[in-house]
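One structure below.
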Number of protein chains: 2
Amino acid sequence: MKQKKLITISRQYGSGGREIGSKLAKRLQIAFYDKELIEMAAEKSGIDKELFSANEESAGGEIRYLGNMMNFLGNGTGSMLNLSLKDQMYITQCNLIEQLAEQESVVFVGRCADVVLQNHPGCINIFIHSNLENRKKRVIEEYGIDEKQALETIEKIDRKRKNYYEYYTDKKWGRAQNFHIVLDSSRFEIDKLVDMLVFLINSEE
Amino acid sequence: MKQKKLITISRQYGSGGREIGSKLAKRLQIAFYDKELIEMAAEKSGIDKELFSANEESAGGEIRYLGNMMNFLGNGTGSMLNLSLKDQMYITQCNLIEQLAEQESVVFVGRCADVVLQNHPGCINIFIHSNLENRKKRVIEEYGIDEKQALETIEKIDRKRKNYYEYYTDKKWGRAQNFHIVLDSSRFEIDKLVDMLVFLINSEE
């Protein structure tokens with residue numbers, strides 16, 4: 001039996017980390033979860049999907065959500081009624097990541113999956129970054145963000161991801177030592193980086 | 001004509017960064033400079049070789065060296081009589097790195113070569129790290145360091161490299177964004193990492 005592949009991708013906003021993760025999953029023929037996790041976690045938790053989505057990868061905070069938390073009672077997390085909405089969302093996502101990782105080979109994008117799965121010895125943690133020029137180009141051309149807003153949006157979302165990561169983990173965002181592989185997507189073509197990752201990951205079998 | 005390859009490797013002490021650099025250079029059939037740079041720089045500067053070696057990758061400081069600085073007068077750096085020994089060594093090494101990079105394809109290990117060559121658009125900057133357990137094993141088995149001294153030596157040399165890097169550059173040591181590629185040599189076999197680097201670098205041609 002082939003060894004299960006667990007791959008996490010952390011990424012700067014606009015670096016193409018999602019694209020790399022998605023292409024990598026396709027090439028390895030394994031599952032891929034990015035925003036899909038939100039929908040699944042919302043469903044699981046009973047938290048309204050739009051509320052969940054609006055607070056995506058957002059740290060702590062005081063907003064309390066007193067929706068249907070009964071869903072948690074059965075799965076070992078106990079009642080989370082005393083936690084803020086964001087903390088409830090985080091815990092739901094952690095549980096979901098753990099469950100999916102138990103079931104199948106998978107690429108996770110974001111959501112501190114590298115830390116959630118840190119006790120899985122086979123897990124490969126990847127960080128994708130890029131220079132500002134390429135990131136601006138990507139968010140304008142591919143995400144449809146207005147040119148005037150591009151830089152501000154990049155800075156805002158990077159800050160949000162950093163806060164989220166550092167709020168929920170004991171690690172510093174963007175530190176080389178947190179990752180098994182870090183790649184600069186502005187230095188090499190994305191398809192070549194995917195080729196290289198497939199080459200390395202398949203060499204483990 | 002093939003494009004010139006310029007590769008720099010920064011590394012934690014005991015991570016195997018030198019081994020990766022040396023194997024990579026051999027596979028790519030290009031030059032490799034690590035400690036060799038010291039000898040060459042010492043010769044060039046007129047600074048005593050042993051003194052140069054004893055102050056390897058060591059930051060700033062006040063020790064002044066009034067040896068034969070005439071060697072500098074002819075190569076555009078002017079007189080360095082007012083600089084500390086370590087600063088003189090640093091400048092000599094920078095000049096040497098720049099000159100070698102002009103002449104040929106090359107792998108440089110350490111000595112802030114990533115920052116020295118930052119204006120060469122084709123340069124690939126790599127950082128190698130590893131978990132503490134593997135680093136201890138390497139320094140004991142391969143560098144012959146006493147088991148009791150291993151951890152202390154690792155911490156001391158890491159601190160020295162960090163100070164050197166942060167004294168002479170405007171960058172933070174170990175920050176993922178400083179590098180095009182970061183690899184954890186405790187997660188993958190070193191020969192597989194070399195294979196992968198060769199694969200990626202050759203795909204650029």
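Here's how to read the names in the structure tokens: chain A, B, ... by the order shown, residue numbers from 1 in each chain, ligand numbers from 1 in the order shown.
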Show me a table, sorted first by chain and then by increasing residue number, of the residues of chain A having an atom at most 6 Å from chain B, each with its shortest atom pair and the distance in Å to one decimal, counting only C-alpha atoms and written as a Markdown table.
```
| residue | atom | partner | partner_atom | distance |
| --- | --- | --- | --- | --- |
| A:Gly174 | CA | B:Ala176 | CA | 5.5 |
| A:Arg175 | CA | B:Arg175 | CA | 5.0 |
| A:Ala176 | CA | B:Ala176 | CA | 4.2 |
| A:His180 | CA | B:Asp184 | CA | 4.6 |
| A:Ile181 | CA | B:Leu183 | CA | 4.8 |
| A:Val182 | CA | B:Val182 | CA | 4.6 |
| A:Leu183 | CA | B:Ile181 | CA | 4.8 |
| A:Asp184 | CA | B:His180 | CA | 4.6 |
```
Skip Ser105 (chain B) itself and residues of its chain fewer than 2 positions away, then list as a PyMOL selection string all residues within 6 Å of it, counting only C-alpha atoms.
chain B and resi 4-6+30
Would you mind exporting the chosen residues as a short mmCIF file (atom, residue, chain, number, x, y, z; two decimals), in the first residue's frame, restricted to N, CA and C atoms?
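Okay, out-v1.cif is ready:
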```cif
data_model
loop_
_atom_site.label_atom_id
_atom_site.label_comp_id
_atom_site.auth_asym_id
_atom_site.auth_seq_id
_atom_site.Cartn_x
_atom_site.Cartn_y
_atom_site.Cartn_z
N LYS B 4 24.59 31.64 -17.36
CA LYS B 4 25.45 31.39 -16.20
C LYS B 4 24.58 31.06 -14.98
N LYS B 5 25.03 30.10 -14.18
CA LYS B 5 24.29 29.73 -12.97
C LYS B 5 24.98 30.30 -11.75
N LEU B 6 24.24 31.08 -10.97
CA LEU B 6 24.77 31.61 -9.71
C LEU B 6 23.86 31.13 -8.59
N ILE B 30 29.81 22.90 -12.02
CA ILE B 30 30.19 24.31 -11.88
C ILE B 30 31.06 24.46 -10.63
#
```
Residues of region 12-157 of chain A in alpha helix (DSSP H), written as a PyMOL selection string
chain A and resi 17-28+36-45+49-54+85-103+113-116+132-141+147-157
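Restricting the calculation to only C-alpha atoms, the smallest distance between Val106 (chain A) and any of A:Asn163, A:Ser22, A:Gln88, A:Asn202 is found for A:Ser22.
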Within 12 Å of Ile38 (chain A) using only C-alpha atoms, minus same-chain residues under 3 positions, as a PyMOL selection string
chain A and resi 33-35+41-57+89-94+96-97+109-111
Keeping only N, CA and C atoms, write those residues as a PDB file, in the first residue's frame.
```pdb
ATOM      1  N   TYR A  33      -8.183  20.703  -0.479  1.00  0.00           N
ATOM      2  CA  TYR A  33      -9.122  21.523   0.297  1.00  0.00           C
ATOM      3  C   TYR A  33      -8.570  22.910   0.533  1.00  0.00           C
ATOM      4  N   ASP A  34      -9.351  23.884   0.140  1.00  0.00           N
ATOM      5  CA  ASP A  34      -9.002  25.275   0.420  1.00  0.00           C
ATOM      6  C   ASP A  34     -10.263  25.886   1.019  1.00  0.00           C
ATOM      7  N   LYS A  35     -10.983  26.635   0.224  1.00  0.00           N
ATOM      8  CA  LYS A  35     -12.215  27.232   0.721  1.00  0.00           C
ATOM      9  C   LYS A  35     -13.303  26.183   0.979  1.00  0.00           C
ATOM     10  N   ALA A  41     -17.007  22.956   7.174  1.00  0.00           N
ATOM     11  CA  ALA A  41     -16.941  23.267   8.604  1.00  0.00           C
ATOM     12  C   ALA A  41     -18.208  23.987   9.045  1.00  0.00           C
ATOM     13  N   ALA A  42     -18.725  24.855   8.171  1.00  0.00           N
ATOM     14  CA  ALA A  42     -19.953  25.573   8.510  1.00  0.00           C
ATOM     15  C   ALA A  42     -21.086  24.572   8.705  1.00  0.00           C
ATOM     16  N   GLU A  43     -21.161  23.650   7.792  1.00  0.00           N
ATOM     17  CA  GLU A  43     -22.213  22.639   7.844  1.00  0.00           C
ATOM     18  C   GLU A  43     -22.114  21.818   9.141  1.00  0.00           C
ATOM     19  N   LYS A  44     -20.885  21.439   9.439  1.00  0.00           N
ATOM     20  CA  LYS A  44     -20.618  20.614  10.607  1.00  0.00           C
ATOM     21  C   LYS A  44     -20.950  21.339  11.918  1.00  0.00           C
ATOM     22  N   SER A  45     -20.663  22.634  11.925  1.00  0.00           N
ATOM     23  CA  SER A  45     -20.785  23.374  13.183  1.00  0.00           C
ATOM     24  C   SER A  45     -22.159  23.956  13.404  1.00  0.00           C
ATOM     25  N   GLY A  46     -22.899  24.100  12.308  1.00  0.00           N
ATOM     26  CA  GLY A  46     -24.178  24.768  12.437  1.00  0.00           C
ATOM     27  C   GLY A  46     -24.055  26.277  12.387  1.00  0.00           C
ATOM     28  N   ILE A  47     -22.824  26.783  12.209  1.00  0.00           N
ATOM     29  CA  ILE A  47     -22.642  28.230  12.072  1.00  0.00           C
ATOM     30  C   ILE A  47     -23.046  28.616  10.649  1.00  0.00           C
ATOM     31  N   ASP A  48     -23.724  29.734  10.539  1.00  0.00           N
ATOM     32  CA  ASP A  48     -24.198  30.194   9.240  1.00  0.00           C
ATOM     33  C   ASP A  48     -23.025  30.281   8.242  1.00  0.00           C
ATOM     34  N   LYS A  49     -23.242  29.746   7.047  1.00  0.00           N
ATOM     35  CA  LYS A  49     -22.173  29.641   6.055  1.00  0.00           C
ATOM     36  C   LYS A  49     -21.572  31.005   5.680  1.00  0.00           C
ATOM     37  N   GLU A  50     -22.450  31.987   5.520  1.00  0.00           N
ATOM     38  CA  GLU A  50     -21.949  33.311   5.130  1.00  0.00           C
ATOM     39  C   GLU A  50     -21.152  33.968   6.253  1.00  0.00           C
ATOM     40  N   LEU A  51     -21.597  33.749   7.468  1.00  0.00           N
ATOM     41  CA  LEU A  51     -20.884  34.272   8.634  1.00  0.00           C
ATOM     42  C   LEU A  51     -19.514  33.605   8.732  1.00  0.00           C
ATOM     43  N   PHE A  52     -19.499  32.327   8.485  1.00  0.00           N
ATOM     44  CA  PHE A  52     -18.254  31.560   8.533  1.00  0.00           C
ATOM     45  C   PHE A  52     -17.286  32.096   7.477  1.00  0.00           C
ATOM     46  N   SER A  53     -17.821  32.279   6.284  1.00  0.00           N
ATOM     47  CA  SER A  53     -17.007  32.728   5.167  1.00  0.00           C
ATOM     48  C   SER A  53     -16.470  34.146   5.410  1.00  0.00           C
ATOM     49  N   ALA A  54     -17.288  35.004   5.973  1.00  0.00           N
ATOM     50  CA  ALA A  54     -16.881  36.396   6.214  1.00  0.00           C
ATOM     51  C   ALA A  54     -15.771  36.478   7.247  1.00  0.00           C
ATOM     52  N   ASN A  55     -15.667  35.484   8.101  1.00  0.00           N
ATOM     53  CA  ASN A  55     -14.646  35.493   9.154  1.00  0.00           C
ATOM     54  C   ASN A  55     -13.500  34.535   8.873  1.00  0.00           C
ATOM     55  N   GLU A  56     -13.368  34.145   7.615  1.00  0.00           N
ATOM     56  CA  GLU A  56     -12.338  33.203   7.189  1.00  0.00           C
ATOM     57  C   GLU A  56     -10.921  33.637   7.604  1.00  0.00           C
ATOM     58  N   GLU A  57     -10.158  32.704   8.129  1.00  0.00           N
ATOM     59  CA  GLU A  57      -8.768  32.950   8.541  1.00  0.00           C
ATOM     60  C   GLU A  57      -8.613  34.292   9.265  1.00  0.00           C
ATOM     61  N   MET A  89     -14.981  28.536  15.029  1.00  0.00           N
ATOM     62  CA  MET A  89     -14.680  28.213  13.634  1.00  0.00           C
ATOM     63  C   MET A  89     -13.322  27.525  13.533  1.00  0.00           C
ATOM     64  N   TYR A  90     -12.345  28.069  14.277  1.00  0.00           N
ATOM     65  CA  TYR A  90     -10.998  27.516  14.213  1.00  0.00           C
ATOM     66  C   TYR A  90     -11.000  26.051  14.675  1.00  0.00           C
ATOM     67  N   ILE A  91     -11.672  25.803  15.799  1.00  0.00           N
ATOM     68  CA  ILE A  91     -11.688  24.441  16.348  1.00  0.00           C
ATOM     69  C   ILE A  91     -12.417  23.483  15.391  1.00  0.00           C
ATOM     70  N   THR A  92     -13.501  23.971  14.822  1.00  0.00           N
ATOM     71  CA  THR A  92     -14.232  23.129  13.863  1.00  0.00           C
ATOM     72  C   THR A  92     -13.334  22.760  12.686  1.00  0.00           C
ATOM     73  N   GLN A  93     -12.617  23.754  12.182  1.00  0.00           N
ATOM     74  CA  GLN A  93     -11.737  23.488  11.041  1.00  0.00           C
ATOM     75  C   GLN A  93     -10.603  22.532  11.413  1.00  0.00           C
ATOM     76  N   CYS A  94     -10.060  22.705  12.615  1.00  0.00           N
ATOM     77  CA  CYS A  94      -8.980  21.805  13.071  1.00  0.00           C
ATOM     78  C   CYS A  94      -9.481  20.363  13.090  1.00  0.00           C
ATOM     79  N   LEU A  96     -11.894  19.078  11.467  1.00  0.00           N
ATOM     80  CA  LEU A  96     -12.169  18.641  10.104  1.00  0.00           C
ATOM     81  C   LEU A  96     -10.863  18.261   9.395  1.00  0.00           C
ATOM     82  N   ILE A  97      -9.840  19.083   9.557  1.00  0.00           N
ATOM     83  CA  ILE A  97      -8.535  18.807   8.937  1.00  0.00           C
ATOM     84  C   ILE A  97      -7.997  17.482   9.457  1.00  0.00           C
ATOM     85  N   VAL A 109      -4.800  23.948   1.886  1.00  0.00           N
ATOM     86  CA  VAL A 109      -4.248  25.293   1.727  1.00  0.00           C
ATOM     87  C   VAL A 109      -4.683  26.162   2.909  1.00  0.00           C
ATOM     88  N   GLY A 110      -3.722  26.787   3.581  1.00  0.00           N
ATOM     89  CA  GLY A 110      -4.019  27.720   4.671  1.00  0.00           C
ATOM     90  C   GLY A 110      -4.573  27.064   5.917  1.00  0.00           C
ATOM     91  N   ARG A 111      -5.242  27.886   6.737  1.00  0.00           N
ATOM     92  CA  ARG A 111      -5.962  27.411   7.930  1.00  0.00           C
ATOM     93  C   ARG A 111      -5.059  26.719   8.967  1.00  0.00           C
TER      94      ARG A 111
END
```
Excluding same-chain residues fewer than 4 positions from Ile157 (chain A), what lies within 10 Å of it counting only C-alpha atoms, as an MDAnalysis selection string?
chainID A and resid 12:14 57:58 152:153 161:163
Next, write the just-selected residues to a file, as a PDB file, in the first residue's frame, keeping all heavy atoms as the atom set.
```pdb
ATOM      1  N   GLN A  12       1.609  33.549   0.947  1.00  0.00           N
ATOM      2  CA  GLN A  12       1.335  34.977   0.943  1.00  0.00           C
ATOM      3  C   GLN A  12       0.174  35.217  -0.020  1.00  0.00           C
ATOM      4  O   GLN A  12       0.021  34.499  -1.007  1.00  0.00           O
ATOM      5  CB  GLN A  12       2.545  35.751   0.412  1.00  0.00           C
ATOM      6  CG  GLN A  12       3.702  35.851   1.390  1.00  0.00           C
ATOM      7  CD  GLN A  12       4.791  36.751   0.842  1.00  0.00           C
ATOM      8  OE1 GLN A  12       5.078  36.725  -0.352  1.00  0.00           O
ATOM      9  NE2 GLN A  12       5.403  37.521   1.704  1.00  0.00           N
ATOM     10  N   TYR A  13      -0.604  36.262   0.241  1.00  0.00           N
ATOM     11  CA  TYR A  13      -1.721  36.570  -0.643  1.00  0.00           C
ATOM     12  C   TYR A  13      -1.199  36.981  -2.025  1.00  0.00           C
ATOM     13  O   TYR A  13      -0.306  37.822  -2.126  1.00  0.00           O
ATOM     14  CB  TYR A  13      -2.568  37.690  -0.040  1.00  0.00           C
ATOM     15  CG  TYR A  13      -3.812  38.010  -0.827  1.00  0.00           C
ATOM     16  CD1 TYR A  13      -4.821  37.067  -0.977  1.00  0.00           C
ATOM     17  CD2 TYR A  13      -3.973  39.254  -1.429  1.00  0.00           C
ATOM     18  CE1 TYR A  13      -5.968  37.368  -1.705  1.00  0.00           C
ATOM     19  CE2 TYR A  13      -5.118  39.564  -2.151  1.00  0.00           C
ATOM     20  CZ  TYR A  13      -6.106  38.600  -2.285  1.00  0.00           C
ATOM     21  OH  TYR A  13      -7.239  38.896  -3.008  1.00  0.00           O
ATOM     22  N   GLY A  14      -1.722  36.349  -3.063  1.00  0.00           N
ATOM     23  CA  GLY A  14      -1.304  36.699  -4.429  1.00  0.00           C
ATOM     24  C   GLY A  14      -0.039  35.987  -4.885  1.00  0.00           C
ATOM     25  O   GLY A  14       0.495  36.292  -5.947  1.00  0.00           O
ATOM     26  N   GLU A  57     -10.158  32.704   8.129  1.00  0.00           N
ATOM     27  CA  GLU A  57      -8.768  32.950   8.541  1.00  0.00           C
ATOM     28  C   GLU A  57      -8.613  34.292   9.265  1.00  0.00           C
ATOM     29  O   GLU A  57      -7.751  35.102   8.951  1.00  0.00           O
ATOM     30  CB  GLU A  57      -7.821  32.872   7.342  1.00  0.00           C
ATOM     31  CG  GLU A  57      -7.628  31.439   6.895  1.00  0.00           C
ATOM     32  CD  GLU A  57      -6.482  31.289   5.892  1.00  0.00           C
ATOM     33  OE1 GLU A  57      -6.651  31.671   4.735  1.00  0.00           O
ATOM     34  OE2 GLU A  57      -5.440  30.790   6.290  1.00  0.00           O
ATOM     35  N   SER A  58      -9.447  34.475  10.245  1.00  0.00           N
ATOM     36  CA  SER A  58      -9.451  35.713  11.002  1.00  0.00           C
ATOM     37  C   SER A  58      -9.303  35.331  12.472  1.00  0.00           C
ATOM     38  O   SER A  58      -9.942  34.396  12.946  1.00  0.00           O
ATOM     39  CB  SER A  58     -10.767  36.411  10.686  1.00  0.00           C
ATOM     40  OG  SER A  58     -10.897  37.579  11.414  1.00  0.00           O
ATOM     41  N   GLU A 152      -2.944  47.699  -1.082  1.00  0.00           N
ATOM     42  CA  GLU A 152      -3.634  47.761   0.216  1.00  0.00           C
ATOM     43  C   GLU A 152      -4.265  46.402   0.573  1.00  0.00           C
ATOM     44  O   GLU A 152      -4.182  45.938   1.708  1.00  0.00           O
ATOM     45  CB  GLU A 152      -4.714  48.841   0.126  1.00  0.00           C
ATOM     46  CG  GLU A 152      -5.195  49.345   1.473  1.00  0.00           C
ATOM     47  CD  GLU A 152      -6.323  50.361   1.307  1.00  0.00           C
ATOM     48  OE1 GLU A 152      -6.213  51.228   0.401  1.00  0.00           O
ATOM     49  OE2 GLU A 152      -7.308  50.267   2.034  1.00  0.00           O
ATOM     50  N   THR A 153      -4.879  45.774  -0.432  1.00  0.00           N
ATOM     51  CA  THR A 153      -5.521  44.466  -0.203  1.00  0.00           C
ATOM     52  C   THR A 153      -4.481  43.415   0.174  1.00  0.00           C
ATOM     53  O   THR A 153      -4.686  42.619   1.097  1.00  0.00           O
ATOM     54  CB  THR A 153      -6.272  44.013  -1.485  1.00  0.00           C
ATOM     55  OG1 THR A 153      -7.144  45.070  -1.882  1.00  0.00           O
ATOM     56  CG2 THR A 153      -7.074  42.749  -1.237  1.00  0.00           C
ATOM     57  N   ARG A 161      -3.601  37.057   7.754  1.00  0.00           N
ATOM     58  CA  ARG A 161      -3.100  35.669   7.799  1.00  0.00           C
ATOM     59  C   ARG A 161      -2.027  35.507   8.868  1.00  0.00           C
ATOM     60  O   ARG A 161      -1.972  34.513   9.573  1.00  0.00           O
ATOM     61  CB  ARG A 161      -2.536  35.267   6.425  1.00  0.00           C
ATOM     62  CG  ARG A 161      -3.640  35.035   5.424  1.00  0.00           C
ATOM     63  CD  ARG A 161      -3.117  34.535   4.089  1.00  0.00           C
ATOM     64  NE  ARG A 161      -4.220  34.396   3.157  1.00  0.00           N
ATOM     65  CZ  ARG A 161      -4.087  34.206   1.851  1.00  0.00           C
ATOM     66  NH1 ARG A 161      -2.889  34.127   1.303  1.00  0.00           N
ATOM     67  NH2 ARG A 161      -5.154  34.067   1.088  1.00  0.00           N
ATOM     68  N   LYS A 162      -1.171  36.506   8.965  1.00  0.00           N
ATOM     69  CA  LYS A 162      -0.119  36.490   9.986  1.00  0.00           C
ATOM     70  C   LYS A 162      -0.753  36.466  11.383  1.00  0.00           C
ATOM     71  O   LYS A 162      -0.390  35.651  12.229  1.00  0.00           O
ATOM     72  CB  LYS A 162       0.761  37.736   9.819  1.00  0.00           C
ATOM     73  CG  LYS A 162       1.907  37.849  10.808  1.00  0.00           C
ATOM     74  CD  LYS A 162       2.700  39.133  10.537  1.00  0.00           C
ATOM     75  CE  LYS A 162       3.943  39.220  11.405  1.00  0.00           C
ATOM     76  NZ  LYS A 162       3.684  39.378  12.823  1.00  0.00           N
ATOM     77  N   ASN A 163      -1.726  37.360  11.606  1.00  0.00           N
ATOM     78  CA  ASN A 163      -2.385  37.413  12.918  1.00  0.00           C
ATOM     79  C   ASN A 163      -3.068  36.096  13.246  1.00  0.00           C
ATOM     80  O   ASN A 163      -3.004  35.605  14.368  1.00  0.00           O
ATOM     81  CB  ASN A 163      -3.441  38.528  12.949  1.00  0.00           C
ATOM     82  CG  ASN A 163      -2.797  39.897  12.918  1.00  0.00           C
ATOM     83  OD1 ASN A 163      -1.602  40.025  13.169  1.00  0.00           O
ATOM     84  ND2 ASN A 163      -3.570  40.915  12.575  1.00  0.00           N
TER      85      ASN A 163
END
```
CA of Ile20 (chain B) sits from CA of Glu98 (chain B) at a separation of 22.0 Å
Take CA of Arg18 (chain B) and CA of Cys112 (chain B) and report the distance between them in Å, one decimal.
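Going from CA of Arg18 (chain B) over to CA of Cys112 (chain B) covers 14.2 Å.
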Work out how far apart CA of Glu19 (chain A) and CA of Asp146 (chain A) are and give it in Å to one decimal.
20.7 Å
